[in-house]
Structure formats: C-alpha cells, structure tokens
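Peer 1: Data file final-v7.cif (mmCIF, N, CA and C atoms) is appended below.
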data_data
#
loop_
_atom_site.label_atom_id
_atom_site.label_comp_id
_atom_site.auth_asym_id
_atom_site.auth_seq_id
_atom_site.Cartn_x
_atom_site.Cartn_y
_atom_site.Cartn_z
N MET V 192 78.54 -150.00 5.42
CA MET V 192 78.26 -149.96 3.99
C MET V 192 78.51 -148.53 3.49
N VAL V 193 79.28 -148.40 2.45
CA VAL V 193 79.59 -147.10 1.87
C VAL V 193 78.61 -146.84 0.73
N ARG V 194 77.97 -145.68 0.78
CA ARG V 194 77.02 -145.30 -0.28
C ARG V 194 77.80 -144.64 -1.42
N ILE V 195 77.64 -145.20 -2.61
CA ILE V 195 78.42 -144.79 -3.78
C ILE V 195 77.52 -144.18 -4.83
N GLY V 196 78.02 -143.12 -5.47
CA GLY V 196 77.37 -142.55 -6.64
C GLY V 196 78.34 -142.57 -7.80
N ILE V 197 77.82 -142.82 -8.98
CA ILE V 197 78.64 -142.77 -10.19
C ILE V 197 78.06 -141.70 -11.09
N VAL V 198 78.85 -140.65 -11.31
CA VAL V 198 78.45 -139.56 -12.19
C VAL V 198 79.15 -139.80 -13.52
N GLY V 199 78.36 -139.93 -14.57
CA GLY V 199 78.89 -140.37 -15.86
C GLY V 199 78.76 -141.88 -15.96
N ALA V 200 77.64 -142.38 -15.48
CA ALA V 200 77.44 -143.82 -15.34
C ALA V 200 77.33 -144.57 -16.66
N LEU V 201 77.01 -143.88 -17.73
CA LEU V 201 76.78 -144.58 -18.99
C LEU V 201 78.02 -144.68 -19.88
N GLY V 202 79.12 -144.12 -19.44
CA GLY V 202 80.36 -144.25 -20.20
C GLY V 202 81.07 -145.54 -19.87
N TYR V 203 82.17 -145.76 -20.55
CA TYR V 203 82.93 -147.00 -20.36
C TYR V 203 83.39 -147.17 -18.91
N THR V 204 84.00 -146.13 -18.34
CA THR V 204 84.51 -146.27 -16.97
C THR V 204 83.38 -146.40 -15.97
N GLY V 205 82.28 -145.68 -16.20
CA GLY V 205 81.13 -145.81 -15.31
C GLY V 205 80.56 -147.21 -15.32
N HIS V 206 80.46 -147.79 -16.50
CA HIS V 206 79.94 -149.15 -16.62
C HIS V 206 80.86 -150.16 -15.94
N GLU V 207 82.14 -150.07 -16.20
CA GLU V 207 83.08 -151.02 -15.60
C GLU V 207 83.10 -150.89 -14.08
N LEU V 208 83.04 -149.67 -13.59
CA LEU V 208 83.01 -149.45 -12.15
C LEU V 208 81.74 -150.05 -11.54
N LEU V 209 80.61 -149.82 -12.15
CA LEU V 209 79.35 -150.36 -11.64
C LEU V 209 79.37 -151.88 -11.66
N ARG V 210 79.92 -152.46 -12.71
CA ARG V 210 80.01 -153.92 -12.80
C ARG V 210 80.75 -154.50 -11.60
N VAL V 211 81.79 -153.83 -11.16
CA VAL V 211 82.57 -154.29 -10.00
C VAL V 211 81.83 -153.99 -8.69
N LEU V 212 81.29 -152.79 -8.58
CA LEU V 212 80.70 -152.37 -7.31
C LEU V 212 79.40 -153.07 -6.95
N VAL V 213 78.64 -153.51 -7.94
CA VAL V 213 77.38 -154.19 -7.58
C VAL V 213 77.63 -155.50 -6.85
N GLU V 214 78.83 -156.02 -6.93
CA GLU V 214 79.19 -157.26 -6.25
C GLU V 214 80.01 -157.02 -4.98
N HIS V 215 80.36 -155.77 -4.71
CA HIS V 215 81.22 -155.47 -3.57
C HIS V 215 80.42 -155.53 -2.27
N PRO V 216 80.89 -156.30 -1.30
CA PRO V 216 80.12 -156.48 -0.06
C PRO V 216 80.06 -155.25 0.84
N GLN V 217 80.92 -154.26 0.63
CA GLN V 217 80.92 -153.08 1.48
C GLN V 217 80.46 -151.82 0.75
N ALA V 218 79.94 -151.99 -0.46
CA ALA V 218 79.49 -150.84 -1.25
C ALA V 218 78.03 -150.99 -1.61
N GLU V 219 77.32 -149.89 -1.53
CA GLU V 219 75.94 -149.83 -2.00
C GLU V 219 75.87 -148.69 -3.01
N VAL V 220 75.66 -149.02 -4.28
CA VAL V 220 75.54 -147.98 -5.29
C VAL V 220 74.13 -147.39 -5.15
N THR V 221 74.07 -146.12 -4.79
CA THR V 221 72.79 -145.47 -4.52
C THR V 221 72.37 -144.51 -5.62
N VAL V 222 73.32 -144.04 -6.42
CA VAL V 222 73.01 -143.05 -7.46
C VAL V 222 73.81 -143.34 -8.72
N LEU V 223 73.10 -143.34 -9.85
CA LEU V 223 73.73 -143.34 -11.16
C LEU V 223 73.25 -142.07 -11.85
N ALA V 224 74.17 -141.20 -12.21
CA ALA V 224 73.80 -139.93 -12.82
C ALA V 224 74.50 -139.76 -14.16
N ASP V 225 73.79 -139.11 -15.08
CA ASP V 225 74.35 -138.84 -16.39
C ASP V 225 73.61 -137.66 -16.99
N LEU V 226 73.74 -137.48 -18.29
CA LEU V 226 73.10 -136.35 -18.97
C LEU V 226 71.58 -136.42 -18.84
N PRO V 227 70.92 -135.27 -18.84
CA PRO V 227 69.46 -135.25 -18.67
C PRO V 227 68.69 -136.13 -19.64
N ARG V 228 69.17 -136.26 -20.86
CA ARG V 228 68.42 -137.05 -21.85
C ARG V 228 68.36 -138.53 -21.49
N PHE V 229 69.21 -138.98 -20.57
CA PHE V 229 69.21 -140.39 -20.17
C PHE V 229 68.43 -140.63 -18.87
N ALA V 230 67.93 -139.56 -18.26
CA ALA V 230 67.20 -139.71 -17.00
C ALA V 230 66.01 -140.65 -17.18
N GLY V 231 65.85 -141.56 -16.24
CA GLY V 231 64.75 -142.52 -16.29
C GLY V 231 65.09 -143.82 -16.99
N THR V 232 66.30 -143.91 -17.52
CA THR V 232 66.73 -145.12 -18.23
C THR V 232 67.22 -146.16 -17.23
N SER V 233 66.71 -147.36 -17.35
CA SER V 233 67.19 -148.46 -16.51
C SER V 233 68.59 -148.85 -16.97
N ILE V 234 69.51 -148.95 -16.04
CA ILE V 234 70.89 -149.27 -16.40
C ILE V 234 70.99 -150.64 -17.06
N SER V 235 70.12 -151.56 -16.67
CA SER V 235 70.18 -152.90 -17.27
C SER V 235 69.65 -152.91 -18.70
N ASP V 236 68.90 -151.89 -19.10
CA ASP V 236 68.49 -151.77 -20.51
C ASP V 236 69.66 -151.31 -21.36
N VAL V 237 70.54 -150.50 -20.78
CA VAL V 237 71.71 -150.01 -21.50
C VAL V 237 72.80 -151.07 -21.52
N PHE V 238 73.00 -151.73 -20.36
CA PHE V 238 74.03 -152.74 -20.23
C PHE V 238 73.38 -154.06 -19.81
N PRO V 239 72.98 -154.88 -20.77
CA PRO V 239 72.28 -156.13 -20.45
C PRO V 239 73.05 -157.04 -19.50
N SER V 240 74.36 -156.90 -19.43
CA SER V 240 75.16 -157.73 -18.52
C SER V 240 74.81 -157.46 -17.06
N LEU V 241 74.13 -156.35 -16.79
CA LEU V 241 73.76 -156.00 -15.42
C LEU V 241 72.34 -156.45 -15.05
N ARG V 242 71.62 -157.06 -15.99
CA ARG V 242 70.28 -157.56 -15.68
C ARG V 242 70.34 -158.57 -14.55
N GLY V 243 69.45 -158.39 -13.61
CA GLY V 243 69.41 -159.29 -12.46
C GLY V 243 70.43 -158.95 -11.39
N ARG V 244 71.31 -158.01 -11.64
CA ARG V 244 72.33 -157.64 -10.67
C ARG V 244 72.03 -156.30 -10.02
N THR V 245 71.28 -155.45 -10.72
CA THR V 245 70.88 -154.15 -10.17
C THR V 245 69.64 -153.66 -10.90
N ASN V 246 68.81 -152.93 -10.19
CA ASN V 246 67.62 -152.35 -10.82
C ASN V 246 67.71 -150.82 -10.81
N LEU V 247 68.92 -150.29 -10.72
CA LEU V 247 69.12 -148.84 -10.66
C LEU V 247 68.68 -148.16 -11.96
N VAL V 248 68.19 -146.95 -11.80
CA VAL V 248 67.76 -146.13 -12.92
C VAL V 248 68.64 -144.89 -12.96
N VAL V 249 69.06 -144.51 -14.15
CA VAL V 249 69.90 -143.33 -14.33
C VAL V 249 69.07 -142.08 -14.09
N ARG V 250 69.67 -141.13 -13.41
CA ARG V 250 69.00 -139.84 -13.19
C ARG V 250 69.88 -138.72 -13.68
N GLU V 251 69.28 -137.58 -13.87
CA GLU V 251 70.03 -136.38 -14.24
C GLU V 251 70.91 -135.98 -13.06
N PHE V 252 72.10 -135.50 -13.34
CA PHE V 252 73.00 -135.06 -12.27
C PHE V 252 72.48 -133.75 -11.70
N VAL V 253 72.08 -133.80 -10.44
CA VAL V 253 71.70 -132.61 -9.67
C VAL V 253 72.52 -132.69 -8.39
N ILE V 254 73.40 -131.72 -8.19
CA ILE V 254 74.38 -131.78 -7.11
C ILE V 254 73.74 -132.05 -5.76
N GLU V 255 72.66 -131.37 -5.43
CA GLU V 255 72.05 -131.54 -4.12
C GLU V 255 71.53 -132.96 -3.92
N GLU V 256 70.94 -133.54 -4.96
CA GLU V 256 70.41 -134.90 -4.86
C GLU V 256 71.53 -135.93 -4.71
N VAL V 257 72.54 -135.79 -5.53
CA VAL V 257 73.66 -136.74 -5.45
C VAL V 257 74.34 -136.61 -4.09
N ALA V 258 74.67 -135.40 -3.69
CA ALA V 258 75.38 -135.18 -2.43
C ALA V 258 74.59 -135.70 -1.24
N GLY V 259 73.28 -135.65 -1.32
CA GLY V 259 72.45 -136.11 -0.22
C GLY V 259 72.34 -137.62 -0.11
N GLN V 260 72.80 -138.34 -1.13
CA GLN V 260 72.60 -139.79 -1.14
C GLN V 260 73.88 -140.60 -1.24
N VAL V 261 75.04 -139.95 -1.17
CA VAL V 261 76.30 -140.69 -1.32
C VAL V 261 77.30 -140.28 -0.24
N ASP V 262 78.21 -141.18 0.02
CA ASP V 262 79.39 -140.88 0.83
C ASP V 262 80.58 -140.60 -0.08
N VAL V 263 80.63 -141.34 -1.19
CA VAL V 263 81.71 -141.22 -2.16
C VAL V 263 81.10 -141.12 -3.55
N ALA V 264 81.62 -140.18 -4.35
CA ALA V 264 81.20 -140.05 -5.74
C ALA V 264 82.36 -140.38 -6.65
N PHE V 265 82.13 -141.29 -7.57
CA PHE V 265 83.10 -141.58 -8.62
C PHE V 265 82.69 -140.78 -9.85
N LEU V 266 83.66 -140.08 -10.45
CA LEU V 266 83.39 -139.27 -11.62
C LEU V 266 83.92 -139.97 -12.85
N GLY V 267 83.03 -140.53 -13.63
CA GLY V 267 83.38 -141.16 -14.89
C GLY V 267 83.11 -140.21 -16.03
N LEU V 268 83.59 -139.00 -15.88
CA LEU V 268 83.33 -137.93 -16.84
C LEU V 268 84.54 -137.70 -17.73
N PRO V 269 84.32 -137.09 -18.89
CA PRO V 269 85.45 -136.77 -19.76
C PRO V 269 86.38 -135.73 -19.10
N HIS V 270 87.61 -135.69 -19.58
CA HIS V 270 88.55 -134.68 -19.12
C HIS V 270 87.90 -133.31 -19.29
N LYS V 271 88.16 -132.44 -18.37
CA LYS V 271 87.69 -131.07 -18.22
C LYS V 271 86.27 -130.99 -17.67
N GLU V 272 85.50 -132.07 -17.71
CA GLU V 272 84.16 -132.07 -17.12
C GLU V 272 84.21 -132.36 -15.62
N ALA V 273 85.12 -133.22 -15.21
CA ALA V 273 85.21 -133.59 -13.79
C ALA V 273 85.52 -132.37 -12.92
N MET V 274 86.34 -131.47 -13.43
CA MET V 274 86.70 -130.30 -12.62
C MET V 274 85.54 -129.33 -12.46
N THR V 275 84.46 -129.52 -13.20
CA THR V 275 83.28 -128.69 -13.00
C THR V 275 82.36 -129.28 -11.94
N VAL V 276 82.54 -130.55 -11.61
CA VAL V 276 81.67 -131.26 -10.66
C VAL V 276 82.35 -131.50 -9.32
N ALA V 277 83.62 -131.86 -9.34
CA ALA V 277 84.34 -132.22 -8.11
C ALA V 277 84.29 -131.14 -7.03
N PRO V 278 84.53 -129.88 -7.34
CA PRO V 278 84.52 -128.87 -6.27
C PRO V 278 83.19 -128.81 -5.51
N ALA V 279 82.08 -128.92 -6.20
CA ALA V 279 80.77 -128.84 -5.54
C ALA V 279 80.54 -130.03 -4.62
N LEU V 280 80.98 -131.21 -5.01
CA LEU V 280 80.84 -132.39 -4.15
C LEU V 280 81.75 -132.28 -2.94
N LEU V 281 82.97 -131.82 -3.14
CA LEU V 281 83.91 -131.66 -2.04
C LEU V 281 83.41 -130.62 -1.04
N GLU V 282 82.84 -129.54 -1.54
CA GLU V 282 82.29 -128.50 -0.66
C GLU V 282 81.18 -129.04 0.23
N ARG V 283 80.51 -130.08 -0.23
CA ARG V 283 79.42 -130.69 0.53
C ARG V 283 79.91 -131.86 1.39
N GLY V 284 81.23 -131.97 1.52
CA GLY V 284 81.81 -132.97 2.40
C GLY V 284 81.87 -134.38 1.84
N LYS V 285 81.73 -134.53 0.54
CA LYS V 285 81.77 -135.86 -0.07
C LYS V 285 83.19 -136.18 -0.52
N LYS V 286 83.52 -137.45 -0.49
CA LYS V 286 84.79 -137.90 -1.06
C LYS V 286 84.57 -138.10 -2.54
N VAL V 287 85.61 -137.81 -3.32
CA VAL V 287 85.51 -137.88 -4.77
C VAL V 287 86.67 -138.69 -5.32
N VAL V 288 86.35 -139.61 -6.22
CA VAL V 288 87.36 -140.33 -6.98
C VAL V 288 87.14 -139.95 -8.44
N ASP V 289 88.12 -139.26 -8.99
CA ASP V 289 88.02 -138.78 -10.37
C ASP V 289 88.71 -139.78 -11.29
N LEU V 290 87.97 -140.28 -12.27
CA LEU V 290 88.52 -141.25 -13.21
C LEU V 290 89.06 -140.59 -14.48
N SER V 291 88.94 -139.26 -14.56
CA SER V 291 89.53 -138.55 -15.70
C SER V 291 90.95 -138.12 -15.32
N ALA V 292 91.52 -137.25 -16.12
CA ALA V 292 92.88 -136.77 -15.83
C ALA V 292 92.90 -135.41 -15.15
N ASP V 293 91.74 -134.90 -14.75
CA ASP V 293 91.66 -133.53 -14.28
C ASP V 293 92.46 -133.23 -13.02
N TYR V 294 92.73 -134.21 -12.20
CA TYR V 294 93.47 -133.96 -10.95
C TYR V 294 94.73 -134.82 -10.82
N ARG V 295 95.15 -135.44 -11.90
CA ARG V 295 96.32 -136.33 -11.83
C ARG V 295 97.64 -135.57 -11.76
N LEU V 296 97.67 -134.38 -12.30
CA LEU V 296 98.91 -133.60 -12.34
C LEU V 296 98.83 -132.48 -11.30
N LYS V 297 99.87 -132.30 -10.54
CA LYS V 297 99.89 -131.29 -9.48
C LYS V 297 100.10 -129.87 -10.01
N ASP V 298 100.67 -129.76 -11.19
CA ASP V 298 101.03 -128.46 -11.73
C ASP V 298 100.02 -128.03 -12.79
N LYS V 299 99.36 -126.91 -12.54
CA LYS V 299 98.34 -126.37 -13.45
C LYS V 299 98.91 -126.14 -14.85
N ALA V 300 100.11 -125.60 -14.94
CA ALA V 300 100.71 -125.30 -16.23
C ALA V 300 100.97 -126.57 -17.04
N ILE V 301 101.39 -127.63 -16.37
CA ILE V 301 101.62 -128.89 -17.08
C ILE V 301 100.30 -129.48 -17.56
N TYR V 302 99.27 -129.44 -16.70
CA TYR V 302 97.94 -129.91 -17.12
C TYR V 302 97.49 -129.15 -18.37
N GLU V 303 97.59 -127.84 -18.32
CA GLU V 303 97.11 -127.02 -19.43
C GLU V 303 97.92 -127.25 -20.70
N ALA V 304 99.21 -127.51 -20.57
CA ALA V 304 100.04 -127.79 -21.74
C ALA V 304 99.65 -129.14 -22.37
N TRP V 305 99.44 -130.15 -21.53
CA TRP V 305 99.11 -131.49 -22.04
C TRP V 305 97.70 -131.58 -22.60
N TYR V 306 96.74 -130.95 -21.92
CA TYR V 306 95.33 -131.11 -22.30
C TYR V 306 94.77 -129.92 -23.06
N ASN V 307 95.57 -128.88 -23.24
CA ASN V 307 95.16 -127.71 -24.00
C ASN V 307 93.83 -127.15 -23.49
N GLU V 308 93.66 -127.14 -22.18
CA GLU V 308 92.47 -126.65 -21.51
C GLU V 308 92.89 -125.86 -20.28
N THR V 309 92.12 -124.85 -19.92
CA THR V 309 92.36 -124.12 -18.69
C THR V 309 91.80 -124.93 -17.53
N HIS V 310 92.58 -125.11 -16.50
CA HIS V 310 92.09 -125.85 -15.32
C HIS V 310 91.28 -124.88 -14.47
N THR V 311 90.02 -125.23 -14.20
CA THR V 311 89.11 -124.31 -13.52
C THR V 311 89.09 -124.48 -12.00
N SER V 312 89.76 -125.48 -11.48
CA SER V 312 89.85 -125.63 -10.02
C SER V 312 91.27 -126.00 -9.60
N PRO V 313 92.24 -125.16 -9.96
CA PRO V 313 93.63 -125.49 -9.66
C PRO V 313 93.94 -125.56 -8.17
N HIS V 314 93.10 -124.92 -7.35
CA HIS V 314 93.31 -124.97 -5.89
C HIS V 314 93.18 -126.40 -5.35
N LEU V 315 92.56 -127.28 -6.11
CA LEU V 315 92.40 -128.67 -5.67
C LEU V 315 93.54 -129.59 -6.12
N LEU V 316 94.38 -129.13 -7.01
CA LEU V 316 95.46 -129.98 -7.53
C LEU V 316 96.40 -130.45 -6.42
N GLU V 317 96.73 -129.57 -5.50
CA GLU V 317 97.64 -129.95 -4.40
C GLU V 317 96.97 -130.91 -3.41
N LYS V 318 95.66 -130.85 -3.30
CA LYS V 318 94.93 -131.70 -2.37
C LYS V 318 94.69 -133.10 -2.91
N ALA V 319 94.70 -133.23 -4.22
CA ALA V 319 94.41 -134.53 -4.84
C ALA V 319 95.55 -135.51 -4.60
N VAL V 320 95.18 -136.75 -4.35
CA VAL V 320 96.16 -137.82 -4.15
C VAL V 320 96.06 -138.76 -5.35
N TYR V 321 97.21 -139.07 -5.91
CA TYR V 321 97.24 -140.00 -7.03
C TYR V 321 96.87 -141.39 -6.51
N GLY V 322 95.86 -142.00 -7.11
CA GLY V 322 95.27 -143.22 -6.58
C GLY V 322 96.01 -144.50 -6.88
N LEU V 323 97.27 -144.54 -6.63
CA LEU V 323 98.08 -145.73 -6.82
C LEU V 323 98.44 -146.29 -5.44
N PRO V 324 97.68 -147.27 -4.94
CA PRO V 324 97.86 -147.71 -3.56
C PRO V 324 99.22 -148.32 -3.27
N GLU V 325 99.89 -148.84 -4.28
CA GLU V 325 101.20 -149.41 -4.05
C GLU V 325 102.19 -148.36 -3.57
N ILE V 326 101.93 -147.11 -3.91
CA ILE V 326 102.82 -146.02 -3.53
C ILE V 326 102.18 -145.07 -2.52
N TYR V 327 100.88 -144.79 -2.67
CA TYR V 327 100.22 -143.75 -1.87
C TYR V 327 99.11 -144.28 -0.96
N ARG V 328 99.23 -145.50 -0.49
CA ARG V 328 98.18 -146.13 0.32
C ARG V 328 97.73 -145.26 1.50
N ASP V 329 98.65 -144.77 2.30
CA ASP V 329 98.29 -143.99 3.48
C ASP V 329 97.62 -142.66 3.10
N GLU V 330 98.12 -142.02 2.06
CA GLU V 330 97.54 -140.76 1.62
C GLU V 330 96.13 -140.96 1.08
N ILE V 331 95.92 -142.03 0.33
CA ILE V 331 94.59 -142.33 -0.23
C ILE V 331 93.59 -142.54 0.90
N ARG V 332 94.01 -143.22 1.92
CA ARG V 332 93.13 -143.53 3.06
C ARG V 332 92.53 -142.25 3.67
N ASN V 333 93.28 -141.17 3.67
CA ASN V 333 92.84 -139.93 4.30
C ASN V 333 92.40 -138.85 3.30
N ALA V 334 92.42 -139.15 2.03
CA ALA V 334 92.15 -138.14 1.00
C ALA V 334 90.65 -137.91 0.81
N SER V 335 90.31 -136.70 0.45
CA SER V 335 88.94 -136.40 0.05
C SER V 335 88.81 -136.38 -1.47
N LEU V 336 89.96 -136.26 -2.17
CA LEU V 336 89.97 -136.26 -3.64
C LEU V 336 91.09 -137.19 -4.11
N VAL V 337 90.68 -138.23 -4.81
CA VAL V 337 91.62 -139.19 -5.34
C VAL V 337 91.58 -139.11 -6.86
N ALA V 338 92.74 -138.93 -7.46
CA ALA V 338 92.88 -138.91 -8.91
C ALA V 338 93.27 -140.32 -9.34
N ASN V 339 92.29 -141.05 -9.82
CA ASN V 339 92.52 -142.45 -10.13
C ASN V 339 93.37 -142.58 -11.39
N PRO V 340 94.42 -143.40 -11.34
CA PRO V 340 95.25 -143.57 -12.53
C PRO V 340 94.53 -144.37 -13.63
#
Please rewrite the model in this file as structure tokens.
Peer 2:
Amino acid sequence: MVRIGIVGALGYTGHELLRVLVEHPQAEVTVLADLPRFAGTSISDVFPSLRGRTNLVVREFVIEEVAGQVDVAFLGLPHKEAMTVAPALLERGKKVVDLSADYRLKDKAIYEAWYNETHTSPHLLEKAVYGLPEIYRDEIRNASLVANP
C-alpha cells in the first residue's frame, strides 16, 4: 500500500485526485493539506460527493508532518507555488507528482518566458520526468519528481 498525501487538497485537481485515489486498491490517502485557514475541515463537508468514502480532515501544510506520513506527495498547487514545496519533500526522500506547470519544461528561460515568473528551483528541471506514460513509462517508474501533464 502506497501512502499518499495531497497538498492543495481543496482545489479542483486535489479534489479530482482524491476522488480517484479513495477507491484505488493500492493507495492509502494519509494526508490532505491546504492553507491554514482550512485546517480541521472535514473533506466531506467541502465535497459532499466524498461522504461515506473518506473521513479525512484537512490539515495545515507542515513539511515535517507531511513527509513523515507519505511515500508520495501530489501537489495540487497553483503554478509557482509547487516549486516552493517540491524541493523540501524531495530532500526528505519523498516522491513528488506536481500537477502544476512548475516542472513541465526543462528550460528555465522558457518557463520564465511563458509564466512570467522566476523559477526558484531550476536545478530540479532536468530531474523531472514528464508524466506521459505512453512515452516516458520507464522514466516515470524510476523518477522522484514527475511533472504531470
């Protein structure tokens, strides 16, 4: 069983991911993290479609807590936010799947031109694998950072 955390659990991608993972036979969602103001909120109160499927409660994102309870962290964060979280999780030996665009482009200059933001962890761009299994299946299998399309 793979222990999963979703950081940015209350956004669209976090919700859709949780909806799929609560039914996955090899995944156990152990952490839902979001902004501090949502800490203590039952996920089924926010998304009634999850009532009876999970009793998870959203917590504030604290790197040490999340890293201690997951094998893989999915980042459902806005662009430019994921690059502030991914390095800390990777340093703690966690696998990361980024659902934003922060690691999809290998070239820092192209990222910065498209998103009009400075990339704060460009050293990870070369390590990230584009998460398209039809093309990069073997690379994804061994990756610690997957940039989900």
Peer 1: Atom CA of Ala300 of chain V and atom C of Leu280 of chain V are how many Å apart?
Peer 2: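 Separation between atom CA of Ala300 of chain V and atom C of Leu280 of chain V: 24.2 Å.
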Peer 1: Edge lengths and centre, in Å to one decimal, as lines of an AutoDock Vina configuration file: that's what I need for the box along x, y and z that holds all listed atoms of segment 215-234 of chain V plus 5 Å on each side.
Peer 2:
center_x = 73.0
center_y = -145.9
center_z = -10.2
size_x = 26.5
size_y = 31.2
size_z = 33.3
Peer 1: Any chance you could work out the residue set of the PyMOL selection byres (((chain V and resi 264-277 and name CA) around 7) and name CA) here, as a list in words?
Peer 2: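 What the PyMOL selection byres (((chain V and resi 264-277 and name CA) around 7) and name CA) grabs from the file is Ile195, Gly196, Ile197, Val198, Gly199, Ala200, Gly202, Thr204, Gly205, Val261, Asp262, Val263, Pro278, Ala279, Leu280, Leu281, Lys286, Val287, Val288, Asp289, Leu290, Ser291, Ala292, Asp293, Thr311 and Ser312 of chain V.
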Peer 1: Deliver the residues from the most recent selection as a file, using N, CA and C atoms, as a PDB file, in the frame of the given file.
Peer 2:
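For reference, out-v3.pdb as written:
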ATOM      1  N   ILE V 195      77.640-145.200  -2.610  1.00  0.00           N
ATOM      2  CA  ILE V 195      78.420-144.790  -3.780  1.00  0.00           C
ATOM      3  C   ILE V 195      77.520-144.180  -4.830  1.00  0.00           C
ATOM      4  N   GLY V 196      78.020-143.120  -5.470  1.00  0.00           N
ATOM      5  CA  GLY V 196      77.370-142.550  -6.640  1.00  0.00           C
ATOM      6  C   GLY V 196      78.340-142.570  -7.800  1.00  0.00           C
ATOM      7  N   ILE V 197      77.820-142.820  -8.980  1.00  0.00           N
ATOM      8  CA  ILE V 197      78.640-142.770 -10.190  1.00  0.00           C
ATOM      9  C   ILE V 197      78.060-141.700 -11.090  1.00  0.00           C
ATOM     10  N   VAL V 198      78.850-140.650 -11.310  1.00  0.00           N
ATOM     11  CA  VAL V 198      78.450-139.560 -12.190  1.00  0.00           C
ATOM     12  C   VAL V 198      79.150-139.800 -13.520  1.00  0.00           C
ATOM     13  N   GLY V 199      78.360-139.930 -14.570  1.00  0.00           N
ATOM     14  CA  GLY V 199      78.890-140.370 -15.860  1.00  0.00           C
ATOM     15  C   GLY V 199      78.760-141.880 -15.960  1.00  0.00           C
ATOM     16  N   ALA V 200      77.640-142.380 -15.480  1.00  0.00           N
ATOM     17  CA  ALA V 200      77.440-143.820 -15.340  1.00  0.00           C
ATOM     18  C   ALA V 200      77.330-144.570 -16.660  1.00  0.00           C
ATOM     19  N   GLY V 202      79.120-144.120 -19.440  1.00  0.00           N
ATOM     20  CA  GLY V 202      80.360-144.250 -20.200  1.00  0.00           C
ATOM     21  C   GLY V 202      81.070-145.540 -19.870  1.00  0.00           C
ATOM     22  N   THR V 204      84.000-146.130 -18.340  1.00  0.00           N
ATOM     23  CA  THR V 204      84.510-146.270 -16.970  1.00  0.00           C
ATOM     24  C   THR V 204      83.380-146.400 -15.970  1.00  0.00           C
ATOM     25  N   GLY V 205      82.280-145.680 -16.200  1.00  0.00           N
ATOM     26  CA  GLY V 205      81.130-145.810 -15.310  1.00  0.00           C
ATOM     27  C   GLY V 205      80.560-147.210 -15.320  1.00  0.00           C
ATOM     28  N   VAL V 261      75.040-139.950  -1.170  1.00  0.00           N
ATOM     29  CA  VAL V 261      76.300-140.690  -1.320  1.00  0.00           C
ATOM     30  C   VAL V 261      77.300-140.280  -0.240  1.00  0.00           C
ATOM     31  N   ASP V 262      78.210-141.180   0.020  1.00  0.00           N
ATOM     32  CA  ASP V 262      79.390-140.880   0.830  1.00  0.00           C
ATOM     33  C   ASP V 262      80.580-140.600  -0.080  1.00  0.00           C
ATOM     34  N   VAL V 263      80.630-141.340  -1.190  1.00  0.00           N
ATOM     35  CA  VAL V 263      81.710-141.220  -2.160  1.00  0.00           C
ATOM     36  C   VAL V 263      81.100-141.120  -3.550  1.00  0.00           C
ATOM     37  N   PRO V 278      84.530-129.880  -7.340  1.00  0.00           N
ATOM     38  CA  PRO V 278      84.520-128.870  -6.270  1.00  0.00           C
ATOM     39  C   PRO V 278      83.190-128.810  -5.510  1.00  0.00           C
ATOM     40  N   ALA V 279      82.080-128.920  -6.200  1.00  0.00           N
ATOM     41  CA  ALA V 279      80.770-128.840  -5.540  1.00  0.00           C
ATOM     42  C   ALA V 279      80.540-130.030  -4.620  1.00  0.00           C
ATOM     43  N   LEU V 280      80.980-131.210  -5.010  1.00  0.00           N
ATOM     44  CA  LEU V 280      80.840-132.390  -4.150  1.00  0.00           C
ATOM     45  C   LEU V 280      81.750-132.280  -2.940  1.00  0.00           C
ATOM     46  N   LEU V 281      82.970-131.820  -3.140  1.00  0.00           N
ATOM     47  CA  LEU V 281      83.910-131.660  -2.040  1.00  0.00           C
ATOM     48  C   LEU V 281      83.410-130.620  -1.040  1.00  0.00           C
ATOM     49  N   LYS V 286      83.520-137.450  -0.490  1.00  0.00           N
ATOM     50  CA  LYS V 286      84.790-137.900  -1.060  1.00  0.00           C
ATOM     51  C   LYS V 286      84.570-138.100  -2.540  1.00  0.00           C
ATOM     52  N   VAL V 287      85.610-137.810  -3.320  1.00  0.00           N
ATOM     53  CA  VAL V 287      85.510-137.880  -4.770  1.00  0.00           C
ATOM     54  C   VAL V 287      86.670-138.690  -5.320  1.00  0.00           C
ATOM     55  N   VAL V 288      86.350-139.610  -6.220  1.00  0.00           N
ATOM     56  CA  VAL V 288      87.360-140.330  -6.980  1.00  0.00           C
ATOM     57  C   VAL V 288      87.140-139.950  -8.440  1.00  0.00           C
ATOM     58  N   ASP V 289      88.120-139.260  -8.990  1.00  0.00           N
ATOM     59  CA  ASP V 289      88.020-138.780 -10.370  1.00  0.00           C
ATOM     60  C   ASP V 289      88.710-139.780 -11.290  1.00  0.00           C
ATOM     61  N   LEU V 290      87.970-140.280 -12.270  1.00  0.00           N
ATOM     62  CA  LEU V 290      88.520-141.250 -13.210  1.00  0.00           C
ATOM     63  C   LEU V 290      89.060-140.590 -14.480  1.00  0.00           C
ATOM     64  N   SER V 291      88.940-139.260 -14.560  1.00  0.00           N
ATOM     65  CA  SER V 291      89.530-138.550 -15.700  1.00  0.00           C
ATOM     66  C   SER V 291      90.950-138.120 -15.320  1.00  0.00           C
ATOM     67  N   ALA V 292      91.520-137.250 -16.120  1.00  0.00           N
ATOM     68  CA  ALA V 292      92.880-136.770 -15.830  1.00  0.00           C
ATOM     69  C   ALA V 292      92.900-135.410 -15.150  1.00  0.00           C
ATOM     70  N   ASP V 293      91.740-134.900 -14.750  1.00  0.00           N
ATOM     71  CA  ASP V 293      91.660-133.530 -14.280  1.00  0.00           C
ATOM     72  C   ASP V 293      92.460-133.230 -13.020  1.00  0.00           C
ATOM     73  N   THR V 311      90.020-125.230 -14.200  1.00  0.00           N
ATOM     74  CA  THR V 311      89.110-124.310 -13.520  1.00  0.00           C
ATOM     75  C   THR V 311      89.090-124.480 -12.000  1.00  0.00           C
ATOM     76  N   SER V 312      89.760-125.480 -11.480  1.00  0.00           N
ATOM     77  CA  SER V 312      89.850-125.630 -10.020  1.00  0.00           C
ATOM     78  C   SER V 312      91.270-126.000  -9.600  1.00  0.00           C
TER      79      SER V 312
END
Peer 1: Quick check for you: according to DSSP on this backbone, which residues of segment 225-340 of chain V are classed as strand (DSSP E)? Reply as a list in words.
Peer 2: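 Residues of segment 225-340 of chain V classed as strand (DSSP E): Asp225, Arg250, Glu251, Val263, Ala264, Phe265, Leu266, Lys286, Val287, Val288, Asp289, Val320, Tyr321, Leu336, Val337 and Ala338 of chain V.
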Peer 1: Considering only N, CA and C atoms, return as a list in words whatever protein or nucleic-acid residues lie within 7 Å of Ala319 of chain V, sequence-local ones (same chain, fewer than 3 positions apart) excluded.
Peer 2: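 These residues fall inside the cut-off: Tyr294, Leu315, Leu316, Gly322, Ser335, Leu336, Val337 and Ala338 of chain V.
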Peer 1: Hey, what does DSSP flag as helix (DSSP H, G or I) within segment 226-287 of chain V? Can you give it to me as a ChimeraX atom specification?
Peer 2: /V:227-229,234-237,239-241,254-260,273-282
